[in-house]
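These notes are about the structure you will find just below.
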Amino acid sequence: MRKYFKLSSNVESEFSRFKVDGPLHEHFHKGILFGSGIILKDVFPATTLQFRSRTKNPDYLEIGPMIVASERLGAFFVQKEINVELLEVSVEQKVRHLDEKYYCVNFLDVIACMDYEKSEYQEFRPEAGGGILNIDMLYLNEAKINNSRMFIMEERVLTLVREDLVNSLRQEKFTGIEFKELPKGPF
């Protein structure tokens, strides 16, 4: 049985937002989301991400619904053959433009893999549209994951990482990343 971890950012941001620098494609008005498995390169607008944080030039951070990676972390994803789309963005930290390249990361592997029988969770009321509200203990159905090492869990948009890849990420000493081992929650 493999171990999996939830990926998140430990960058404490005092302020963050994204500013669209060009026209929005009509599909963005329809609610295209990161983590949907849809390729966004043709509809993603020129964007500037702004944030304030004590962490200088992090490799990984989350701004709203977007996962942002440094050029070094993006290259790691490509080298490890993680199924991602890297969308270049401008980044300003404390009103200072960062010269390093940054990317919004669009994970393309989206897998419905929650083990509903073992997991402890609450659902939205059916009249509110249904779906998973909170997860206290998350167990995965590994048969559905196959060999994917990093993916979005479809039932509740969570980025999950297999233990061998977590170890590689830790060895590289990327900043801004933290991992929460499953099944512990809440998520």
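Numbering starts fresh at 1 for the residues of each chain in the structure tokens, the chains themselves are lettered A, B, ... in the order given, and ligands are numbered from 1 as they appear.
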I'd like the neighbourhood of range 55-67 of chain A as a PyMOL selection string, where a residue qualifies if any of its atoms comes within 7 Å (using only C-alpha atoms), though same-chain residues fewer than 6 positions away should be ignored. chain A and resi 9+11+16-17+34+73+104-105+174-177
Restricted to N, CA, C and O atoms, what would the selected residues look like written as a JSON list (two decimals), in the first residue's frame?
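Printed below is part_14.json as written:
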```
[["chain", "number", "residue", "atom", "x", "y", "z"],
["A", 9, "SER", "N", 0.72, 24.93, 0.39],
["A", 9, "SER", "CA", 1.75, 25.95, 0.55],
["A", 9, "SER", "C", 1.89, 26.33, 2.02],
["A", 9, "SER", "O", 0.90, 26.45, 2.73],
["A", 11, "VAL", "N", 3.57, 29.19, 2.61],
["A", 11, "VAL", "CA", 3.87, 30.61, 2.47],
["A", 11, "VAL", "C", 2.70, 31.38, 3.06],
["A", 11, "VAL", "O", 1.57, 31.29, 2.58],
["A", 16, "SER", "N", -2.71, 38.72, -1.35],
["A", 16, "SER", "CA", -2.46, 38.11, -2.66],
["A", 16, "SER", "C", -3.65, 38.36, -3.57],
["A", 16, "SER", "O", -4.79, 38.45, -3.11],
["A", 17, "ARG", "N", -3.35, 38.51, -4.84],
["A", 17, "ARG", "CA", -4.40, 38.65, -5.84],
["A", 17, "ARG", "C", -3.79, 38.43, -7.21],
["A", 17, "ARG", "O", -2.57, 38.44, -7.38],
["A", 34, "PHE", "N", -8.81, 25.72, -12.67],
["A", 34, "PHE", "CA", -7.61, 24.90, -12.54],
["A", 34, "PHE", "C", -8.02, 23.63, -11.82],
["A", 34, "PHE", "O", -8.89, 23.65, -10.96],
["A", 73, "LEU", "N", 10.97, 24.68, -10.00],
["A", 73, "LEU", "CA", 9.97, 23.67, -9.67],
["A", 73, "LEU", "C", 9.24, 23.20, -10.93],
["A", 73, "LEU", "O", 8.98, 22.01, -11.09],
["A", 104, "CYS", "N", 1.76, 29.39, -13.53],
["A", 104, "CYS", "CA", 0.58, 28.78, -12.95],
["A", 104, "CYS", "C", 0.62, 27.32, -13.38],
["A", 104, "CYS", "O", 0.90, 27.03, -14.54],
["A", 105, "VAL", "N", 0.39, 26.43, -12.44],
["A", 105, "VAL", "CA", 0.48, 25.00, -12.71],
["A", 105, "VAL", "C", -0.93, 24.45, -12.86],
["A", 105, "VAL", "O", -1.75, 24.59, -11.96],
["A", 174, "PHE", "N", 12.78, 22.55, -2.16],
["A", 174, "PHE", "CA", 11.91, 23.61, -2.68],
["A", 174, "PHE", "C", 11.27, 24.35, -1.52],
["A", 174, "PHE", "O", 10.88, 23.75, -0.52],
["A", 175, "THR", "N", 11.17, 25.66, -1.64],
["A", 175, "THR", "CA", 10.56, 26.48, -0.59],
["A", 175, "THR", "C", 9.08, 26.67, -0.86],
["A", 175, "THR", "O", 8.63, 26.66, -2.00],
["A", 176, "GLY", "N", 8.34, 26.82, 0.22],
["A", 176, "GLY", "CA", 6.91, 27.10, 0.11],
["A", 176, "GLY", "C", 6.02, 25.87, 0.10],
["A", 176, "GLY", "O", 4.80, 25.99, 0.08],
["A", 177, "ILE", "N", 6.61, 24.67, 0.10],
["A", 177, "ILE", "CA", 5.83, 23.44, 0.00],
["A", 177, "ILE", "C", 5.71, 22.77, 1.36],
["A", 177, "ILE", "O", 6.67, 22.71, 2.11]]
```
For range 30-140 of chain A against range 156-167 of chain A, with a cut-off of 12 Å and counting only C-alpha atoms, what is the closest atom pair and its distance in Å to one decimal for every residue that makes the cut, ordered by chain and number, as a Markdown table?
```
| residue | atom | partner | partner_atom | distance |
| --- | --- | --- | --- | --- |
| A:Leu33 | CA | A:Val157 | CA | 10.1 |
| A:Phe34 | CA | A:Val157 | CA | 9.1 |
| A:Gly35 | CA | A:Val157 | CA | 6.6 |
| A:Ser36 | CA | A:Val157 | CA | 8.5 |
| A:Gly37 | CA | A:Val157 | CA | 11.0 |
| A:Glu62 | CA | A:Thr159 | CA | 11.6 |
| A:Pro65 | CA | A:Val157 | CA | 9.9 |
| A:Met66 | CA | A:Thr159 | CA | 11.6 |
| A:Ile67 | CA | A:Thr159 | CA | 9.7 |
| A:Phe76 | CA | A:Leu165 | CA | 10.5 |
| A:Phe77 | CA | A:Leu165 | CA | 10.0 |
| A:Gln79 | CA | A:Leu165 | CA | 11.8 |
| A:Lys80 | CA | A:Leu165 | CA | 8.5 |
| A:Glu81 | CA | A:Leu165 | CA | 11.0 |
| A:Ile82 | CA | A:Leu165 | CA | 9.9 |
| A:Val84 | CA | A:Thr159 | CA | 11.9 |
| A:Val105 | CA | A:Thr159 | CA | 11.0 |
| A:Asn106 | CA | A:Thr159 | CA | 10.6 |
| A:Phe107 | CA | A:Thr159 | CA | 8.3 |
| A:Leu108 | CA | A:Thr159 | CA | 10.9 |
| A:Asp109 | CA | A:Thr159 | CA | 9.9 |
| A:Val110 | CA | A:Val157 | CA | 8.8 |
| A:Ile111 | CA | A:Val157 | CA | 9.9 |
| A:Ala112 | CA | A:Arg156 | CA | 9.1 |
| A:Cys113 | CA | A:Arg156 | CA | 10.2 |
| A:Met114 | CA | A:Arg156 | CA | 9.0 |
| A:Tyr121 | CA | A:Arg156 | CA | 10.8 |
| A:Gln122 | CA | A:Arg156 | CA | 11.5 |
| A:Glu123 | CA | A:Arg156 | CA | 10.7 |
| A:Phe124 | CA | A:Arg156 | CA | 11.8 |
| A:Gly130 | CA | A:Arg156 | CA | 11.6 |
| A:Gly131 | CA | A:Arg156 | CA | 7.9 |
| A:Ile132 | CA | A:Arg156 | CA | 6.2 |
| A:Leu133 | CA | A:Arg156 | CA | 8.1 |
| A:Asn134 | CA | A:Arg156 | CA | 8.6 |
| A:Ile135 | CA | A:Arg156 | CA | 8.8 |
| A:Leu138 | CA | A:Arg156 | CA | 10.7 |
| A:Tyr139 | CA | A:Leu160 | CA | 11.7 |
| A:Leu140 | CA | A:Leu160 | CA | 10.3 |
```
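Taking CA of Arg2 in chain A as the reference point, CA of Lys173 in chain A is found at 22.6 Å.
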To test your reading of the structure, identify every residue in range 10-184 of chain A that backbone DSSP assigns to alpha helix (DSSP H), and report it as an NGL selection string. :A and (26-29 or 71-79 or 142-145 or 163-172)
File dump, residues just selected, C-alpha atoms, as a tab-separated table (two decimals), in the first residue's frame:
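The resulting file, again-v8.tsv, is shown below:
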```tsv
chain	number	residue	atom	x	y	z
A	26	GLU	CA	-15.03	33.76	-23.37
A	27	HIS	CA	-14.34	30.37	-21.73
A	28	PHE	CA	-13.00	32.08	-18.61
A	29	HIS	CA	-16.41	33.71	-18.11
A	71	GLU	CA	10.93	27.97	-13.00
A	72	ARG	CA	13.04	25.50	-11.00
A	73	LEU	CA	9.97	23.67	-9.67
A	74	GLY	CA	8.32	23.73	-13.10
A	75	ALA	CA	11.45	22.13	-14.59
A	76	PHE	CA	11.29	19.47	-11.85
A	77	PHE	CA	7.69	18.62	-12.84
A	78	VAL	CA	8.73	18.29	-16.48
A	79	GLN	CA	11.80	16.19	-15.63
A	142	GLU	CA	-5.54	2.90	-5.14
A	143	ALA	CA	-6.87	0.75	-7.98
A	144	LYS	CA	-8.21	3.94	-9.59
A	145	ILE	CA	-4.91	5.83	-9.27
A	163	GLU	CA	5.46	9.30	-1.28
A	164	ASP	CA	8.36	8.66	-3.69
A	165	LEU	CA	7.76	12.02	-5.37
A	166	VAL	CA	7.39	13.74	-1.97
A	167	ASN	CA	10.85	12.42	-1.07
A	168	SER	CA	12.29	13.79	-4.33
A	169	LEU	CA	10.67	17.18	-3.73
A	170	ARG	CA	12.09	17.29	-0.20
A	171	GLN	CA	15.59	16.40	-1.44
A	172	GLU	CA	15.49	19.36	-3.83
```
From the options A:Ser70, A:Leu87, A:Ala128, A:Lys118, which residue's atoms come nearest to Glu100 in chain A, counting only C-alpha atoms? A:Ser70
